[in-house]
There are 2 protein chains.
Amino acid sequence: MAARFFSLFVFPLVFCALILLALSIPSFSSPVHLSSPQFLGKFSRRPTSSNKLPVKRYRYDVRYFDQRLDHFSFSDDDPRFRQRYLFSSDHWTGPDRMGPIFLYCGNEGDIAWFAENTGFVWEIAPKFGAMVLFPEHRYYGESMPYGSREEAYKNSTTLKYLSAEQALADFAVLVTDLKRNLSAQACPVVLFGGSYGGMLAAWMRLKYPHIAVGALASSAPILQFEDIVPPETFYDLVSNDFKRESTNCFDTIKNSWDVLVSESLKENGLSALTKTFGLCRELRNAQDLVDWLSSAYSYLAMVDYPYPSNFLMPLPGHPIREVCNKIDNASDGSTILERIFEGVSLYYNYTGDVSCFELDDDPHGMSGWDWQACTEMVMPMSSSQVGSMFSPYNFNLSSYEEGCRQSFGVSPRPRWITTEFGGHDIKMTLKMFGSNMIFSNGLLDPWSGGSVLQNISDSVVALVTDEGAHHIDLRAATPEDPAWLVEQRATEVRLIEGWLNNYQAKRLISDM
Amino acid sequence: MAARFFSLFVFPLVFCALILLALSIPSFSSPVHLSSPQFLGKFSRRPTSSNKLPVKRYRYDVRYFDQRLDHFSFSDDDPRFRQRYLFSSDHWTGPDRMGPIFLYCGNEGDIAWFAENTGFVWEIAPKFGAMVLFPEHRYYGESMPYGSREEAYKNSTTLKYLSAEQALADFAVLVTDLKRNLSAQACPVVLFGGSYGGMLAAWMRLKYPHIAVGALASSAPILQFEDIVPPETFYDLVSNDFKRESTNCFDTIKNSWDVLVSESLKENGLSALTKTFGLCRELRNAQDLVDWLSSAYSYLAMVDYPYPSNFLMPLPGHPIREVCNKIDNASDGSTILERIFEGVSLYYNYTGDVSCFELDDDPHGMSGWDWQACTEMVMPMSSSQVGSMFSPYNFNLSSYEEGCRQSFGVSPRPRWITTEFGGHDIKMTLKMFGSNMIFSNGLLDPWSGGSVLQNISDSVVALVTDEGAHHIDLRAATPEDPAWLVEQRATEVRLIEGWLNNYQAKRLISDM
C-alpha cells in the first residue's frame, strides 16, 4: 500500500473522512496525507477583516452585467445572476481608431483584488490606448448566483454551474454585448490572466478566437491534468525552491513531519504543539497543523518574489531565503519544531502584528476552488520519496473521487478538461491551431511545471525566467524590478503590439 | 405594419397563435405568413411506415455509448442517455499505421438514414484505410434521453439539453473514449457533415482542433444568423431555382397564393380546395395548404439533383424542371390552382402510389429542429417583394420570440450562436484561426446563401458548384454523376489526403 501522508492546504471537508480512515490505521507512518494544492486557498474568498484589500490604486468604474447561469442549455426557468466587472475607458482611443480592449480573465477570487495585483495591465493600457475590463469569475467575490454566497454554495445543485466553460461563456457574452453597445465590434480584444485566470485566457484564445486576438497566459498550468506531467512535479518544485536556498533548511522541513506526528501522539502532545506554534485554540489533530505548515511552504514558493510584496501576505523579498535563514539560524538548542515555527512565522506574521495563530479562519466554509477541483480541475499531485521535502504520497484517484462524493456529492471528471480544451500533444495542437499566445512562467513557481515552457511557433511563445515566481510579470512595476523582469515585460508589450498591428493591417485590407 | 404572409414548413405549434392573430386582422392581404424553413422538416423524425429507411447498403455495427446529458455543469443527479453510433473498422489500418477515423457529425434525424445517404464517406474509407463512425445526435433517432421520445420531448425542462454545444461535446467525449480504448490516440480524426451536420463539423473543427485534423462541411449555412446574410437570401434562392427553369413557372407560383387565399374564403372554398388538391381530410384553413406547398418548393430546391434520387422523396433528375414542366404544360383550360397541384404532385407523388394526400402526418408532434430553432438556431428569413415567388414577408423577431414562448415556454437567444461560434467577420476569423476546412456548396441549394462561398486561405477552401444542390457531394457515386461532381469529390479526397499527410509528417517529427 502506498503511504498516505501530510495533507496540504485547505481541503478540510473533502478529506475528513480519509483522515479518520487514516487515523484508524494502527501505524505511525501514515496518519496524515497530501491533497491537491490550490492556487489561492483561503485568499480566494471574500476579503475579511484579516485579509483586507489594499488601498485602491487604479481608477475604474464598478459595473454589473445580467448573465444567465447556464449558457449551454435552454430554459427560461434557469436563474440569472449579476456579474460584477471593473471598467475603465480613461485611455481608450475608441471605435474609430480601433482602440483595443484589454480583458483580464477573472479567476477564483474577488476581482478587485486581482485588479490591484495586476498592475501590468493598467500600466500598459495608456500606451496602447486600451480599454481595461476586469470581469469577475462567477461564484467569487460579488458575482454570486442565488443572491448570496451562502445560497450559491449550499449544495451541488446550486454549485453545478461553477465551471470554467460557463465562466468563459460569461466573458464572451459580456464583451460581445459591451462592444455592440459601444459600436466597437472592430476593436480587438487581448486577454490577460494569471494562474487559473491564465488558464482561462489560454483556453479562451483557443475556444473563442473570433472574440480575442491574443492571450497573455501567465503561470497557467494547462498541462497539470491526467498524466501529461508527472504528478510529483508540483511538490518537487516547491522543495527545490527551499533546497536551492539551503540544503539544511530542506532537510529540516523534510524531517519535521515525523517529529510533529510523534509529538502529537504523546500524552498532552497536542497541547504542547499548541504552545510551540502559538495557536489561539487548542490543536485538535496533527493534520490541521500539517495543513497550515504545508500551505505556507507552497504559497511561499508561489510568491518567492525578489522584492517585498503583499500579494497573499506581506513578505520581504526572497521570502524563502528569509524563511530558511530563520530555520537554519534559530538560537542554539532550538528543537526542530521550534525552528519550523521560526520559519513559518515569517510567512504568517512578517509584520509581527499577530499575537496568536488561527489555523483556519473558516473551517466550515467550502471554497469555490475545492468544488472546481472536485469536478473538472482534477490535478493529480504526488510527493516523491527523494525530491520532495513533504512526506511521500501517491495520488490515488479512487480516494480523491470518494472524498469529493462525500464532501460535495459530486463525482470528479478527471478526463474532461483535456477532452474539452486539449492538453495531450499540446505542442502539436498549439503549433497547428494556436497563434498569438504567450505562456509566461517563472521557474521558482511550482505551477510552472504544468505550463508551456517551450516556444511552439513564431506566435505561440514561452517566456521563461529562472528567478520568476507566480505571475510576477503581471504585477505592477517597482523600482526594485530586476533587469530580467523589465526585459520580460518589454517583450510581452512588443508581442502584443505585433498582434494588434497585424490585426489592424488585416482588418484594413478586408474592409477595402 | 409589415405584411405577414405564407407560413412555410412544419412549424405548427410555434405559430398557431400568430396565425390566429393574423386571421383576426380584417384584411385579405395577410391571412398567412412565413416562418423559418427547416433542413429536413418531418424527415428529421423517426422513420414511419410512410418514410421507410432504404435498404441498408453499408456494413457497420450498431453500438451505444453512455453519455452524460449535461457536459457543462456538474451534478451526479443529472440523467445520462444512450447515444447510438454506427461503427465500422472493416478497412481501418489501425493504430500502428495511424489509420484515420472518419467521423460524420450526426444531425437532426435518424443516424442510419444519414449513413445511407452519405455514401461518399463509405466509398472513400477503404482508400484511406479509415475507420467510419456515425454518432447520432442527441434527441434524434434512438438517442433519446429520459427513456423515450415522448418523455424527452415533454417540455422545456426535458428538452433543455438539446443543443449544438452539447452535441459537439458528445462527439468529443465519444471519440476520445473510443480512441483511448483502442490505443488509437495518435489516429487522426476527420469530420464530415452535411447541412446542420456540416455546421457541426465546421464548428467542431474550430472548437475542438485538438480532436479533429480537418472538416468537410457540406452545405453548412454557418452564416445564416443575425444580420450576416440578408434575410431574403433563402427564399430568393429557392425562387431563382424555379425562375431559371421557367419564368412562367415562377410567375404562376407567385400568383397562386392570392388565388388560394381568395378561394379559401369563398363559400365552401375549403371543400373545393380539398378536392382540387386531393386531400384525404377536409382542409381546415388555407395556412395548412400553404405550408404543404411551400415546403415542397423549398425541399425541391434542396434536392434539385441532376439524376433520380430518393433522399427526401423519390424524385426524377432535375425535379424542379419536371415540376415546372407540369405547371407550364398542364392541359388547356386548367386553373392556376390545378396547375399548382399538377406541379406539386410530382414532389409528393412521383411514384403514383399516393391516392390522397395527408398534409401533416403528425400535427401535434414537436420536432427537435423546432426546439433548436426556438433556442439557438435563430435564422432570420424574409420573403422579398421582387425576387421571391413566395408572398412578401418581413422577419419579425418579436413575433418569433413570442411564438417560441407560447409553443415551448422558451425564449430564443438570437445572438448566442455568433457569440459561441463566430460568424461576423468570418473571413478574417477563418483566415487567422481556421485551417483544414472545406466548405462545399451547390448554388441550387437555398442554404448555400448562408454558407462560405469563397476560398479563405490555402487550407480553408470553398468548393462551389453551379449545378449542385444540398450536400450532393456527400451522396454515393452514381453512373449518372456529372463531370463537375466527379471532379469535386476528387478535389475533396485530395485535400483530405493533404491534411492527413501533413498530420502524419508532423506527428513523426514530434515523436522523434
# chains A, B, ... in the order shown; residues from 1 in each chain; ligands from 1
>>> interface_residues(of="chain B", to="chain A", cutoff="6 Å", atoms="only C-alpha atoms", output="PyMOL selection string")
chain B and resi 73-76+160-161+207+210+410+422+429
>>> residues_around(residues="segment 98-115 of chain B", least_positions_apart="5", cutoff="7 Å", atoms="only C-alpha atoms", output="tab-separated table (two decimals) with all heavy atoms, in the first residue's frame")
chain	number	residue	atom	x	y	z
B	44	SER	N	-36.90	14.62	-40.39
B	44	SER	CA	-35.98	14.50	-39.27
B	44	SER	C	-36.52	13.55	-38.21
B	44	SER	O	-35.82	13.18	-37.29
B	44	SER	CB	-35.75	15.87	-38.64
B	44	SER	OG	-36.94	16.35	-38.06
B	45	ARG	N	-37.76	13.18	-38.32
B	45	ARG	CA	-38.33	12.31	-37.30
B	45	ARG	C	-38.02	10.85	-37.57
B	45	ARG	O	-37.59	10.48	-38.64
B	45	ARG	CB	-39.84	12.52	-37.24
B	45	ARG	CG	-40.12	13.98	-36.94
B	45	ARG	CD	-41.55	14.25	-36.67
B	45	ARG	NE	-41.75	15.69	-36.76
B	45	ARG	CZ	-42.87	16.26	-37.13
B	45	ARG	NH1	-43.91	15.51	-37.42
B	45	ARG	NH2	-42.96	17.57	-37.20
B	46	ARG	N	-38.29	10.07	-36.59
B	46	ARG	CA	-38.09	8.63	-36.70
B	46	ARG	C	-38.86	8.11	-37.91
B	46	ARG	O	-40.00	8.48	-38.12
B	46	ARG	CB	-38.66	8.00	-35.43
B	46	ARG	CG	-37.85	6.89	-34.88
B	46	ARG	CD	-38.53	6.34	-33.66
B	46	ARG	NE	-38.22	4.94	-33.57
B	46	ARG	CZ	-37.04	4.48	-33.23
B	46	ARG	NH1	-36.08	5.31	-32.91
B	46	ARG	NH2	-36.81	3.19	-33.19
B	53	LEU	N	-36.69	3.63	-44.07
B	53	LEU	CA	-35.28	3.66	-44.44
B	53	LEU	C	-35.11	2.83	-45.70
B	53	LEU	O	-35.77	1.83	-45.89
B	53	LEU	CB	-34.43	3.03	-43.33
B	53	LEU	CG	-34.13	3.89	-42.13
B	53	LEU	CD1	-33.26	3.11	-41.17
B	53	LEU	CD2	-33.42	5.16	-42.57
B	92	TRP	N	-10.11	-0.23	-41.61
B	92	TRP	CA	-9.21	0.57	-40.78
B	92	TRP	C	-7.84	-0.09	-40.69
B	92	TRP	O	-7.73	-1.28	-40.39
B	92	TRP	CB	-9.81	0.71	-39.38
B	92	TRP	CG	-9.12	1.71	-38.50
B	92	TRP	CD1	-8.62	2.92	-38.87
B	92	TRP	CD2	-8.87	1.58	-37.09
B	92	TRP	NE1	-8.09	3.58	-37.78
B	92	TRP	CE2	-8.22	2.76	-36.67
B	92	TRP	CE3	-9.13	0.59	-36.15
B	92	TRP	CZ2	-7.83	2.99	-35.36
B	92	TRP	CZ3	-8.75	0.81	-34.83
B	92	TRP	CH2	-8.10	2.00	-34.43
B	93	THR	N	-6.81	0.70	-40.91
B	93	THR	CA	-5.45	0.14	-40.83
B	93	THR	C	-4.92	0.12	-39.40
B	93	THR	O	-3.84	-0.41	-39.16
B	93	THR	CB	-4.47	0.94	-41.72
B	93	THR	OG1	-4.59	2.33	-41.41
B	93	THR	CG2	-4.78	0.74	-43.18
B	129	GLY	N	-7.92	3.68	-45.64
B	129	GLY	CA	-7.75	2.74	-44.52
B	129	GLY	C	-8.41	3.28	-43.27
B	129	GLY	O	-7.88	3.14	-42.15
B	130	ALA	N	-9.58	3.89	-43.44
B	130	ALA	CA	-10.19	4.64	-42.33
B	130	ALA	C	-11.26	3.84	-41.60
B	130	ALA	O	-12.01	3.08	-42.20
B	130	ALA	CB	-10.80	5.93	-42.87
B	131	MET	N	-11.33	4.07	-40.30
B	131	MET	CA	-12.49	3.67	-39.51
B	131	MET	C	-13.63	4.63	-39.85
B	131	MET	O	-13.39	5.80	-40.16
B	131	MET	CB	-12.16	3.78	-38.03
B	131	MET	CG	-13.31	3.44	-37.09
B	131	MET	SD	-13.02	4.07	-35.41
B	131	MET	CE	-11.59	3.14	-34.92
B	132	VAL	N	-14.86	4.13	-39.82
B	132	VAL	CA	-16.01	5.01	-40.06
B	132	VAL	C	-16.90	5.03	-38.82
B	132	VAL	O	-17.24	3.98	-38.27
B	132	VAL	CB	-16.83	4.54	-41.28
B	132	VAL	CG1	-18.06	5.42	-41.46
B	132	VAL	CG2	-15.97	4.57	-42.53
B	133	LEU	N	-17.22	6.25	-38.39
B	133	LEU	CA	-18.08	6.45	-37.21
B	133	LEU	C	-19.22	7.38	-37.58
B	133	LEU	O	-19.00	8.47	-38.12
B	133	LEU	CB	-17.30	7.17	-36.11
B	133	LEU	CG	-16.42	6.43	-35.14
B	133	LEU	CD1	-15.91	7.42	-34.10
B	133	LEU	CD2	-17.19	5.31	-34.48
B	134	PHE	N	-20.42	6.97	-37.27
B	134	PHE	CA	-21.59	7.84	-37.43
B	134	PHE	C	-22.30	7.96	-36.08
B	134	PHE	O	-23.25	7.22	-35.82
B	134	PHE	CB	-22.57	7.27	-38.46
B	134	PHE	CG	-22.26	7.61	-39.90
B	134	PHE	CD1	-21.23	7.01	-40.58
B	134	PHE	CD2	-23.05	8.55	-40.57
B	134	PHE	CE1	-20.96	7.33	-41.91
B	134	PHE	CE2	-22.80	8.88	-41.90
B	134	PHE	CZ	-21.75	8.26	-42.58
B	135	PRO	N	-21.86	8.87	-35.22
B	135	PRO	CA	-22.60	9.05	-33.96
B	135	PRO	C	-23.91	9.81	-34.21
B	135	PRO	O	-23.96	10.75	-35.00
B	135	PRO	CB	-21.65	9.87	-33.09
B	135	PRO	CG	-20.72	10.53	-34.04
B	135	PRO	CD	-20.66	9.70	-35.28
B	136	GLU	N	-24.93	9.38	-33.52
B	136	GLU	CA	-26.24	10.02	-33.67
B	136	GLU	C	-26.32	11.27	-32.80
B	136	GLU	O	-25.74	11.31	-31.70
B	136	GLU	CB	-27.33	9.03	-33.27
B	136	GLU	CG	-28.74	9.48	-33.60
B	136	GLU	CD	-29.69	8.28	-33.58
B	136	GLU	OE1	-29.85	7.65	-32.51
B	136	GLU	OE2	-30.26	7.96	-34.63
B	137	HIS	N	-27.03	12.27	-33.26
B	137	HIS	CA	-27.26	13.49	-32.50
B	137	HIS	C	-28.26	13.21	-31.39
B	137	HIS	O	-29.29	12.58	-31.61
B	137	HIS	CB	-27.80	14.57	-33.44
B	137	HIS	CG	-27.78	15.97	-32.91
B	137	HIS	ND1	-28.50	16.37	-31.81
B	137	HIS	CD2	-27.13	17.07	-33.34
B	137	HIS	CE1	-28.29	17.67	-31.59
B	137	HIS	NE2	-27.47	18.12	-32.51
B	140	TYR	N	-32.44	12.63	-31.23
B	140	TYR	CA	-32.93	12.18	-32.54
B	140	TYR	C	-32.73	10.67	-32.64
B	140	TYR	O	-31.88	10.10	-31.92
B	140	TYR	CB	-32.19	12.90	-33.67
B	140	TYR	CG	-32.50	14.38	-33.72
B	140	TYR	CD1	-31.61	15.32	-33.20
B	140	TYR	CD2	-33.69	14.84	-34.27
B	140	TYR	CE1	-31.91	16.69	-33.24
B	140	TYR	CE2	-34.00	16.20	-34.32
B	140	TYR	CZ	-33.10	17.12	-33.80
B	140	TYR	OH	-33.39	18.46	-33.83
B	141	GLY	N	-33.49	10.07	-33.55
B	141	GLY	CA	-33.34	8.64	-33.76
B	141	GLY	C	-33.55	7.87	-32.47
B	141	GLY	O	-34.53	8.08	-31.74
B	186	ALA	N	-3.22	8.41	-31.38
B	186	ALA	CA	-2.50	9.14	-32.42
B	186	ALA	C	-3.23	9.14	-33.76
B	186	ALA	O	-2.80	9.80	-34.70
B	186	ALA	CB	-1.11	8.54	-32.60
B	187	CYS	N	-4.32	8.41	-33.85
B	187	CYS	CA	-5.03	8.32	-35.13
B	187	CYS	C	-5.82	9.60	-35.40
B	187	CYS	O	-6.62	10.01	-34.57
B	187	CYS	CB	-5.96	7.11	-35.13
B	187	CYS	SG	-5.07	5.55	-35.04
B	188	PRO	N	-5.59	10.21	-36.55
B	188	PRO	CA	-6.26	11.48	-36.83
B	188	PRO	C	-7.75	11.31	-37.14
B	188	PRO	O	-8.15	10.35	-37.80
B	188	PRO	CB	-5.52	12.00	-38.07
B	188	PRO	CG	-4.99	10.77	-38.72
B	188	PRO	CD	-4.68	9.79	-37.62
B	189	VAL	N	-8.53	12.25	-36.65
B	189	VAL	CA	-9.97	12.24	-36.90
B	189	VAL	C	-10.30	13.28	-37.97
B	189	VAL	O	-9.86	14.43	-37.89
B	189	VAL	CB	-10.75	12.58	-35.60
B	189	VAL	CG1	-12.24	12.69	-35.86
B	189	VAL	CG2	-10.47	11.53	-34.52
B	190	VAL	N	-11.05	12.86	-38.98
B	190	VAL	CA	-11.54	13.80	-39.99
B	190	VAL	C	-13.06	13.87	-39.86
B	190	VAL	O	-13.73	12.83	-39.77
B	190	VAL	CB	-11.16	13.34	-41.42
B	190	VAL	CG1	-11.73	14.30	-42.46
B	190	VAL	CG2	-9.65	13.23	-41.55
B	191	LEU	N	-13.57	15.09	-39.82
B	191	LEU	CA	-15.01	15.31	-39.63
B	191	LEU	C	-15.72	15.48	-40.97
B	191	LEU	O	-15.20	16.11	-41.89
B	191	LEU	CB	-15.25	16.56	-38.80
B	191	LEU	CG	-14.55	16.60	-37.43
B	191	LEU	CD1	-14.66	18.00	-36.83
B	191	LEU	CD2	-15.18	15.57	-36.50
B	192	PHE	N	-16.91	14.94	-41.04
B	192	PHE	CA	-17.78	15.12	-42.19
B	192	PHE	C	-19.14	15.56	-41.69
B	192	PHE	O	-19.55	15.19	-40.58
B	192	PHE	CB	-17.93	13.81	-42.97
B	192	PHE	CG	-16.66	13.29	-43.57
B	192	PHE	CD1	-15.76	12.56	-42.81
B	192	PHE	CD2	-16.35	13.55	-44.90
B	192	PHE	CE1	-14.58	12.08	-43.35
B	192	PHE	CE2	-15.17	13.08	-45.46
B	192	PHE	CZ	-14.28	12.34	-44.68
B	193	GLY	N	-19.85	16.28	-42.51
B	193	GLY	CA	-21.21	16.63	-42.14
B	193	GLY	C	-21.89	17.37	-43.27
B	193	GLY	O	-21.24	18.08	-44.05
B	196	TYR	N	-27.09	20.84	-41.32
B	196	TYR	CA	-26.78	21.11	-39.91
B	196	TYR	C	-25.57	20.28	-39.45
B	196	TYR	O	-24.72	20.77	-38.69
B	196	TYR	CB	-28.02	20.82	-39.06
B	196	TYR	CG	-27.81	20.80	-37.57
B	196	TYR	CD1	-27.15	21.84	-36.91
B	196	TYR	CD2	-28.28	19.73	-36.80
B	196	TYR	CE1	-26.98	21.81	-35.53
B	196	TYR	CE2	-28.12	19.72	-35.42
B	196	TYR	CZ	-27.46	20.75	-34.79
B	196	TYR	OH	-27.28	20.72	-33.42
B	197	GLY	N	-25.47	19.06	-39.95
B	197	GLY	CA	-24.29	18.24	-39.63
B	197	GLY	C	-23.00	18.88	-40.14
B	197	GLY	O	-21.94	18.73	-39.54
B	200	LEU	N	-22.09	21.52	-37.71
B	200	LEU	CA	-21.45	20.88	-36.55
B	200	LEU	C	-20.00	20.51	-36.87
B	200	LEU	O	-19.10	20.70	-36.04
B	200	LEU	CB	-22.23	19.64	-36.13
B	200	LEU	CG	-23.63	19.88	-35.56
B	200	LEU	CD1	-24.34	18.56	-35.30
B	200	LEU	CD2	-23.57	20.70	-34.26
B	201	ALA	N	-19.76	20.01	-38.08
B	201	ALA	CA	-18.39	19.63	-38.46
B	201	ALA	C	-17.49	20.86	-38.47
B	201	ALA	O	-16.37	20.84	-37.95
B	201	ALA	CB	-18.40	18.94	-39.82
B	369	TRP	N	-36.00	19.99	-34.41
B	369	TRP	CA	-35.45	21.19	-35.03
B	369	TRP	C	-36.26	22.43	-34.64
B	369	TRP	O	-35.71	23.53	-34.53
B	369	TRP	CB	-35.36	21.05	-36.55
B	369	TRP	CG	-34.63	22.22	-37.11
B	369	TRP	CD1	-35.15	23.30	-37.77
B	369	TRP	CD2	-33.22	22.48	-36.99
B	369	TRP	NE1	-34.18	24.21	-38.07
B	369	TRP	CE2	-32.97	23.73	-37.60
B	369	TRP	CE3	-32.15	21.79	-36.42
B	369	TRP	CZ2	-31.69	24.29	-37.67
B	369	TRP	CZ3	-30.87	22.35	-36.48
B	369	TRP	CH2	-30.67	23.57	-37.10
>>> select_by_dssp(residues="segment 69-272 of chain B", states="strand (DSSP E)", output="ChimeraX atom specification")
/B:80-88,101-104,131-135,189-194,214-218
>>> select_by_dssp(residues="segment 56-214 of chain A", states="helix (DSSP H, G or I)", output="MDAnalysis selection string")
chainID A and resid 95:97 111:116 119:128 145:147 149:152 156:159 164:181 196:207
>>> residues_around(residues="Gln454 of chain A", least_positions_apart="6", cutoff="9 Å", atoms="only C-alpha atoms", output="VMD selection string")
chain A and resid 427 439 461 to 464
>>> write_last_selection(atoms="all heavy atoms", output="compact mmCIF listing (two decimals), in the first residue's frame")
# COMPACT_ATOMS: atom_id res chain seq x y z
N LYS A 427 2.00 20.46 -27.88
CA LYS A 427 2.89 21.16 -28.81
C LYS A 427 2.32 21.14 -30.21
O LYS A 427 2.26 22.15 -30.90
CB LYS A 427 4.26 20.47 -28.83
CG LYS A 427 5.18 20.95 -27.72
CD LYS A 427 6.58 20.41 -27.95
CE LYS A 427 7.18 20.02 -26.62
NZ LYS A 427 8.39 19.21 -26.78
N PHE A 439 2.91 32.19 -23.13
CA PHE A 439 2.91 31.47 -21.86
C PHE A 439 4.11 31.96 -21.07
O PHE A 439 5.25 31.65 -21.42
CB PHE A 439 3.00 29.96 -22.09
CG PHE A 439 1.76 29.38 -22.71
CD1 PHE A 439 1.67 29.18 -24.08
CD2 PHE A 439 0.67 29.05 -21.91
CE1 PHE A 439 0.51 28.65 -24.65
CE2 PHE A 439 -0.48 28.52 -22.48
CZ PHE A 439 -0.57 28.33 -23.85
N VAL A 461 4.45 31.61 -27.90
CA VAL A 461 5.78 31.86 -27.35
C VAL A 461 5.80 31.56 -25.86
O VAL A 461 4.87 31.91 -25.14
CB VAL A 461 6.13 33.35 -27.59
CG1 VAL A 461 7.42 33.72 -26.90
CG2 VAL A 461 6.20 33.64 -29.09
N ALA A 462 6.88 30.93 -25.42
CA ALA A 462 7.07 30.71 -23.97
C ALA A 462 8.12 31.70 -23.47
O ALA A 462 9.21 31.78 -24.03
CB ALA A 462 7.52 29.28 -23.72
N LEU A 463 7.77 32.46 -22.46
CA LEU A 463 8.74 33.35 -21.82
C LEU A 463 9.03 32.79 -20.43
O LEU A 463 8.16 32.78 -19.56
CB LEU A 463 8.17 34.76 -21.70
CG LEU A 463 7.87 35.50 -23.00
CD1 LEU A 463 7.36 36.90 -22.70
CD2 LEU A 463 9.11 35.57 -23.88
N VAL A 464 10.24 32.31 -20.27
CA VAL A 464 10.59 31.61 -19.04
C VAL A 464 11.71 32.38 -18.33
O VAL A 464 12.70 32.74 -18.95
CB VAL A 464 11.06 30.17 -19.35
CG1 VAL A 464 11.45 29.45 -18.07
CG2 VAL A 464 9.95 29.41 -20.07
>>> closest_residue(among="A:Asn396, A:Thr252, A:Glu267, A:Ser391", to="Ile327 of chain A", atoms="only C-alpha atoms")
A:Thr252
>>> residues_around(residues="segment 142-149 of chain B", least_positions_apart="2", cutoff="8 Å", atoms="only C-alpha atoms", output="list in words")
Leu69, Pro79, Arg80, Phe81, Arg82, Gln83, Arg84, Asp110, Glu136, His137, Arg138, Tyr139, Tyr140, Glu151, Ala152, Tyr153 and Thr158 of chain B
>>> write_last_selection(atoms="N, CA, C and O atoms", output="mmCIF file, in the first residue's frame")
data_model
loop_
_atom_site.group_PDB
_atom_site.id
_atom_site.type_symbol
_atom_site.label_atom_id
_atom_site.label_comp_id
_atom_site.auth_asym_id
_atom_site.auth_seq_id
_atom_site.Cartn_x
_atom_site.Cartn_y
_atom_site.Cartn_z
ATOM 1 N N LEU B 69 -25.978 13.848 -19.875
ATOM 2 C CA LEU B 69 -26.900 14.729 -20.583
ATOM 3 C C LEU B 69 -26.408 16.173 -20.578
ATOM 4 O O LEU B 69 -26.677 16.936 -21.495
ATOM 5 N N PRO B 79 -29.355 13.197 -15.429
ATOM 6 C CA PRO B 79 -29.518 11.909 -16.101
ATOM 7 C C PRO B 79 -28.460 11.669 -17.172
ATOM 8 O O PRO B 79 -27.769 12.577 -17.599
ATOM 9 N N ARG B 80 -28.370 10.444 -17.579
ATOM 10 C CA ARG B 80 -27.485 10.054 -18.668
ATOM 11 C C ARG B 80 -28.360 9.493 -19.785
ATOM 12 O O ARG B 80 -29.557 9.300 -19.619
ATOM 13 N N PHE B 81 -27.760 9.256 -20.943
ATOM 14 C CA PHE B 81 -28.549 8.643 -22.016
ATOM 15 C C PHE B 81 -27.632 7.783 -22.868
ATOM 16 O O PHE B 81 -26.404 7.921 -22.819
ATOM 17 N N ARG B 82 -28.263 6.909 -23.635
ATOM 18 C CA ARG B 82 -27.513 6.030 -24.522
ATOM 19 C C ARG B 82 -27.428 6.664 -25.894
ATOM 20 O O ARG B 82 -28.444 6.827 -26.572
ATOM 21 N N GLN B 83 -26.219 7.024 -26.292
ATOM 22 C CA GLN B 83 -26.046 7.570 -27.638
ATOM 23 C C GLN B 83 -25.754 6.425 -28.601
ATOM 24 O O GLN B 83 -24.827 5.646 -28.387
ATOM 25 N N ARG B 84 -26.531 6.358 -29.648
ATOM 26 C CA ARG B 84 -26.284 5.327 -30.653
ATOM 27 C C ARG B 84 -25.173 5.785 -31.592
ATOM 28 O O ARG B 84 -25.074 6.973 -31.908
ATOM 29 N N ASP B 110 -32.531 10.436 -37.799
ATOM 30 C CA ASP B 110 -32.061 9.085 -37.536
ATOM 31 C C ASP B 110 -30.696 8.881 -38.193
ATOM 32 O O ASP B 110 -30.538 9.109 -39.377
ATOM 33 N N GLU B 136 -24.925 9.380 -33.521
ATOM 34 C CA GLU B 136 -26.236 10.025 -33.673
ATOM 35 C C GLU B 136 -26.316 11.275 -32.797
ATOM 36 O O GLU B 136 -25.742 11.313 -31.702
ATOM 37 N N HIS B 137 -27.030 12.265 -33.263
ATOM 38 C CA HIS B 137 -27.255 13.494 -32.499
ATOM 39 C C HIS B 137 -28.261 13.213 -31.388
ATOM 40 O O HIS B 137 -29.288 12.583 -31.609
ATOM 41 N N ARG B 138 -27.958 13.704 -30.188
ATOM 42 C CA ARG B 138 -28.881 13.516 -29.058
ATOM 43 C C ARG B 138 -30.289 14.027 -29.395
ATOM 44 O O ARG B 138 -30.447 14.984 -30.132
ATOM 45 N N TYR B 139 -31.280 13.396 -28.878
ATOM 46 C CA TYR B 139 -32.701 13.734 -29.062
ATOM 47 C C TYR B 139 -33.230 13.366 -30.455
ATOM 48 O O TYR B 139 -34.314 13.789 -30.830
ATOM 49 N N TYR B 140 -32.440 12.634 -31.233
ATOM 50 C CA TYR B 140 -32.928 12.178 -32.537
ATOM 51 C C TYR B 140 -32.730 10.667 -32.635
ATOM 52 O O TYR B 140 -31.881 10.098 -31.924
ATOM 53 N N GLU B 151 -41.040 11.180 -23.598
ATOM 54 C CA GLU B 151 -40.552 11.801 -22.361
ATOM 55 C C GLU B 151 -39.529 12.901 -22.667
ATOM 56 O O GLU B 151 -39.540 13.956 -22.038
ATOM 57 N N ALA B 152 -38.653 12.618 -23.619
ATOM 58 C CA ALA B 152 -37.588 13.583 -23.933
ATOM 59 C C ALA B 152 -38.161 14.891 -24.468
ATOM 60 O O ALA B 152 -37.627 15.966 -24.216
ATOM 61 N N TYR B 153 -39.272 14.776 -25.206
ATOM 62 C CA TYR B 153 -39.862 15.954 -25.840
ATOM 63 C C TYR B 153 -41.024 16.528 -25.032
ATOM 64 O O TYR B 153 -41.814 17.318 -25.555
ATOM 65 N N THR B 158 -37.211 19.018 -20.079
ATOM 66 C CA THR B 158 -36.558 17.823 -20.629
ATOM 67 C C THR B 158 -35.803 18.140 -21.917
ATOM 68 O O THR B 158 -34.813 17.495 -22.230
#
>>> atom_distance(atom1="atom CA of Ser382 of chain B", atom2="atom CA of Pro230 of chain B")
8.5 Å
>>> residues_around(residues="segment 269-286 of chain A", least_positions_apart="4", cutoff="9 Å", atoms="only C-alpha atoms", output="ChimeraX atom specification")
/A:31-32,260-265,290-291,337-338,340-342,345,355-359
>>> residues_around(residues="segment 235-240 of chain A", least_positions_apart="3", cutoff="7 Å", atoms="only C-alpha atoms", output="PyMOL selection string")
chain A and resi 232+243-244+250+298+301+383+387-389+446
>>> write_last_selection(atoms="C-alpha atoms", output="mmCIF file, in the first residue's frame")
data_model
loop_
_atom_site.group_PDB
_atom_site.id
_atom_site.type_symbol
_atom_site.label_atom_id
_atom_site.label_comp_id
_atom_site.auth_asym_id
_atom_site.auth_seq_id
_atom_site.Cartn_x
_atom_site.Cartn_y
_atom_site.Cartn_z
ATOM 1 C CA GLU A 232 5.438 14.799 -8.457
ATOM 2 C CA LYS A 243 16.836 23.346 -1.373
ATOM 3 C CA ARG A 244 18.422 25.980 -3.599
ATOM 4 C CA PHE A 250 15.167 21.414 3.081
ATOM 5 C CA SER A 298 3.684 26.073 -1.176
ATOM 6 C CA ALA A 301 7.178 29.088 -3.438
ATOM 7 C CA SER A 383 5.020 13.779 -3.217
ATOM 8 C CA GLY A 387 12.853 15.142 -4.467
ATOM 9 C CA SER A 388 10.137 16.318 -2.111
ATOM 10 C CA MET A 389 10.547 17.761 1.356
ATOM 11 C CA PRO A 446 5.686 25.376 -8.545
#
